[in-house]
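These notes concern the structure reproduced below.
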Amino acid sequence: MQDNAHEDNPQKPRIAFFDSLRGFTIISMVAFHAAYDAAYLYGFEIPWFTDPIIQTVWRSSISWVFLALAGWMTSLSRNNLKRGGVYAGAVFLATSIAGVDTPISFGIIYCMAACTLLYAATAPLLNRLPAAVGLISCLVLFAATYTLPHTTYPVEGLAWLGFPSASFVSGDYYPLLPNVFLYLADAFAARWFDGHHASGYPMWMMKADVPFLSMIGKLSLPIYLVHQPLLILIFTMVSNM
């Protein structure tokens, strides 16, 4: 999603590569949801999309980039607590507007908010770890806990953490486990990167500006909030023709 780390810390120049990458990913997300709506809500035949492997890979390529970018932005933000609050403030809007066929509980914006607030609260402890050690450890923990939310547990009220009960349903589910470890891995990666690039980000990242993608990237949060209602409107109009 849109990240205001650069605006929070005007002393650091905006890095064009991140805006372009975020823009590309938000376009991929809109395309994914358009295919989902067409196949499952309006009955269009899209056999390649209904393949579970394709869906899993495509969905992960979107959510993992958003989480990775949010984690990396910890090194560029002057106030991660404020940044987490911005994400948290968008959770209500996202659950109210972006849901379509199944209500959203603990979706990607929730995950970004929770991870950012957790990072802000624990940064003094996390900063004591060598960046390389933290990066490797978090990647291992992400892999080790990856399947946790893919099953159900005989307990209610822990879906937010990664232990959904049999009665839990959500149209977009990204609990803290395992996703917090991916977020933290990129926070450590950013710190490692900063430590090995004292002169700053390489010029290609600063100049990797694709104007259209950058514009989309800077508007990713409002696009996320309105794209589903717009897709439903478009498909409804097409269906009624």
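Following the order of the structure tokens, chains are lettered A, B, ..., residues in each are numbered from 1, and ligands are numbered from 1.
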Can you check which parts of range 7-83 of chain A lie within 7 Å of range 186-190 of chain A? Per residue, the shortest pair of atoms and distance in Å to one decimal, counting only C-alpha atoms, sorted by chain and number, as CSV.
residue,atom,partner,partner_atom,distance
A:Ala68,CA,A:Asp186,CA,5.5
A:Gly71,CA,A:Ala187,CA,4.6
A:Trp72,CA,A:Ala187,CA,4.8
A:Thr74,CA,A:Ala187,CA,6.0
A:Ser75,CA,A:Ala190,CA,6.2
Could you turn the residues from that selection into a file that holds C-alpha atoms, as a PDB file, in the first residue's frame?
ATOM      1  CA  ALA A  68       8.281  -6.254   2.153  1.00  0.00           C
ATOM      2  CA  GLY A  71       9.053  -3.462   6.368  1.00  0.00           C
ATOM      3  CA  TRP A  72      11.751  -1.734   4.333  1.00  0.00           C
ATOM      4  CA  THR A  74      10.987   1.365   8.677  1.00  0.00           C
ATOM      5  CA  SER A  75      14.449   2.657   7.800  1.00  0.00           C
TER       6      SER A  75
END
Considering only C-alpha atoms, tabulate each residue of range 177-218 of chain A that lies at most 8 Å from range 136-140 of chain A along with its nearest interatomic pair and the corresponding distance in Å to one decimal; arrange the rows by chain and ascending residue number and present them as a tab-separated table.
residue	atom	partner	partner_atom	distance
A:Phe181	CA	A:Cys138	CA	4.9
A:Leu182	CA	A:Leu139	CA	6.5
A:Leu184	CA	A:Cys138	CA	6.6
A:Ala185	CA	A:Cys138	CA	5.2
Produce a file of the selected residues containing C-alpha atoms, as a compact mmCIF listing (two decimals), in the first residue's frame.
# COMPACT_ATOMS: atom_id res chain seq x y z
CA PHE A 181 8.56 -12.32 10.17
CA LEU A 182 8.52 -11.33 6.48
CA LEU A 184 10.77 -7.82 10.07
CA ALA A 185 13.09 -9.59 7.62
Handout entry: Contacts of Ser63 in chain A at 10 Å (only C-alpha atoms; same-chain gap of 2+ positions) as a ChimeraX atom specification
Key = /A:1,25-26,29,58-61,65-69,107-109,174,179
Mind dumping the selected residues with N, CA, C and O atoms as a PDB file, in the first residue's frame?
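Below is the file that was written, selection13.pdb:
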ATOM      1  N   MET A   1       0.822  -1.199   0.000  1.00  0.00           N
ATOM      2  CA  MET A   1       0.000   0.000   0.000  1.00  0.00           C
ATOM      3  C   MET A   1       0.860   1.255   0.000  1.00  0.00           C
ATOM      4  O   MET A   1       2.050   1.215   0.169  1.00  0.00           O
ATOM      5  N   THR A  25       2.673  -3.265  -8.404  1.00  0.00           N
ATOM      6  CA  THR A  25       2.007  -4.263  -7.562  1.00  0.00           C
ATOM      7  C   THR A  25       0.535  -3.930  -7.352  1.00  0.00           C
ATOM      8  O   THR A  25      -0.308  -4.831  -7.309  1.00  0.00           O
ATOM      9  N   ILE A  26       0.190  -2.655  -7.220  1.00  0.00           N
ATOM     10  CA  ILE A  26      -1.214  -2.304  -7.049  1.00  0.00           C
ATOM     11  C   ILE A  26      -1.997  -2.592  -8.324  1.00  0.00           C
ATOM     12  O   ILE A  26      -3.161  -3.030  -8.276  1.00  0.00           O
ATOM     13  N   MET A  29      -2.647  -6.217  -8.264  1.00  0.00           N
ATOM     14  CA  MET A  29      -3.718  -6.514  -7.314  1.00  0.00           C
ATOM     15  C   MET A  29      -5.095  -6.246  -7.919  1.00  0.00           C
ATOM     16  O   MET A  29      -6.022  -7.055  -7.772  1.00  0.00           O
ATOM     17  N   TRP A  58       0.132 -15.871  -7.569  1.00  0.00           N
ATOM     18  CA  TRP A  58      -0.205 -14.484  -7.901  1.00  0.00           C
ATOM     19  C   TRP A  58      -0.534 -13.690  -6.647  1.00  0.00           C
ATOM     20  O   TRP A  58      -0.036 -12.576  -6.445  1.00  0.00           O
ATOM     21  N   ARG A  59      -1.357 -14.264  -5.780  1.00  0.00           N
ATOM     22  CA  ARG A  59      -1.738 -13.567  -4.542  1.00  0.00           C
ATOM     23  C   ARG A  59      -0.515 -13.289  -3.675  1.00  0.00           C
ATOM     24  O   ARG A  59      -0.360 -12.186  -3.129  1.00  0.00           O
ATOM     25  N   SER A  60       0.365 -14.270  -3.551  1.00  0.00           N
ATOM     26  CA  SER A  60       1.563 -14.083  -2.728  1.00  0.00           C
ATOM     27  C   SER A  60       2.488 -13.028  -3.320  1.00  0.00           C
ATOM     28  O   SER A  60       3.114 -12.256  -2.577  1.00  0.00           O
ATOM     29  N   SER A  61       2.582 -12.978  -4.653  1.00  0.00           N
ATOM     30  CA  SER A  61       3.452 -11.984  -5.276  1.00  0.00           C
ATOM     31  C   SER A  61       2.985 -10.565  -4.969  1.00  0.00           C
ATOM     32  O   SER A  61       3.786  -9.625  -4.979  1.00  0.00           O
ATOM     33  N   VAL A  65       5.034  -8.437  -1.595  1.00  0.00           N
ATOM     34  CA  VAL A  65       5.682  -7.181  -1.981  1.00  0.00           C
ATOM     35  C   VAL A  65       5.197  -6.045  -1.086  1.00  0.00           C
ATOM     36  O   VAL A  65       5.994  -5.216  -0.623  1.00  0.00           O
ATOM     37  N   PHE A  66       3.895  -5.988  -0.814  1.00  0.00           N
ATOM     38  CA  PHE A  66       3.381  -4.944   0.066  1.00  0.00           C
ATOM     39  C   PHE A  66       4.013  -5.026   1.453  1.00  0.00           C
ATOM     40  O   PHE A  66       4.415  -4.011   2.034  1.00  0.00           O
ATOM     41  N   LEU A  67       4.093  -6.251   1.997  1.00  0.00           N
ATOM     42  CA  LEU A  67       4.680  -6.412   3.322  1.00  0.00           C
ATOM     43  C   LEU A  67       6.174  -6.086   3.310  1.00  0.00           C
ATOM     44  O   LEU A  67       6.692  -5.468   4.240  1.00  0.00           O
ATOM     45  N   ALA A  68       6.850  -6.523   2.250  1.00  0.00           N
ATOM     46  CA  ALA A  68       8.281  -6.254   2.153  1.00  0.00           C
ATOM     47  C   ALA A  68       8.546  -4.752   2.071  1.00  0.00           C
ATOM     48  O   ALA A  68       9.452  -4.230   2.736  1.00  0.00           O
ATOM     49  N   LEU A  69       7.768  -4.047   1.267  1.00  0.00           N
ATOM     50  CA  LEU A  69       7.935  -2.601   1.157  1.00  0.00           C
ATOM     51  C   LEU A  69       7.654  -1.910   2.493  1.00  0.00           C
ATOM     52  O   LEU A  69       8.379  -1.005   2.904  1.00  0.00           O
ATOM     53  N   GLY A 107      -7.111  -8.451   7.287  1.00  0.00           N
ATOM     54  CA  GLY A 107      -6.579  -8.439   5.927  1.00  0.00           C
ATOM     55  C   GLY A 107      -5.200  -7.811   5.856  1.00  0.00           C
ATOM     56  O   GLY A 107      -4.533  -7.588   6.876  1.00  0.00           O
ATOM     57  N   ILE A 108      -4.772  -7.470   4.656  1.00  0.00           N
ATOM     58  CA  ILE A 108      -3.398  -7.027   4.439  1.00  0.00           C
ATOM     59  C   ILE A 108      -3.118  -5.682   5.106  1.00  0.00           C
ATOM     60  O   ILE A 108      -2.023  -5.468   5.640  1.00  0.00           O
ATOM     61  N   ILE A 109      -4.084  -4.771   5.134  1.00  0.00           N
ATOM     62  CA  ILE A 109      -3.828  -3.482   5.787  1.00  0.00           C
ATOM     63  C   ILE A 109      -3.732  -3.667   7.295  1.00  0.00           C
ATOM     64  O   ILE A 109      -2.891  -3.049   7.957  1.00  0.00           O
ATOM     65  N   TYR A 174      -4.479 -12.099   6.467  1.00  0.00           N
ATOM     66  CA  TYR A 174      -3.038 -12.026   6.675  1.00  0.00           C
ATOM     67  C   TYR A 174      -2.767 -11.763   8.156  1.00  0.00           C
ATOM     68  O   TYR A 174      -2.596 -10.623   8.574  1.00  0.00           O
ATOM     69  N   ASN A 179       3.359 -13.612   8.908  1.00  0.00           N
ATOM     70  CA  ASN A 179       3.685 -12.439   8.103  1.00  0.00           C
ATOM     71  C   ASN A 179       4.564 -11.419   8.807  1.00  0.00           C
ATOM     72  O   ASN A 179       5.310 -10.680   8.150  1.00  0.00           O
TER      73      ASN A 179
END
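Proximity to Asp172 in chain A was assessed for A:Arg14, A:His33, A:Arg22, A:Lys82 counting only C-alpha atoms; the smallest distance is recorded for A:His33.
Atom to atom, CA of Trp192 in chain A and CA of Leu177 in chain A stand 23.3 Å apart.
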Exercise for the section: Go through range 2-240 of chain A and collect every residue that DSSP, computed from the backbone, puts in helix (DSSP H, G or I); the answer should be as a PyMOL selection string. Expected result: chain A and resi 5-8+16-41+52-75+80-98+108-126+131-145+148-150+176-196+203-207+211-218+220-239
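CA of Ala31 in chain A is found 10.0 Å from CA of His227 in chain A.
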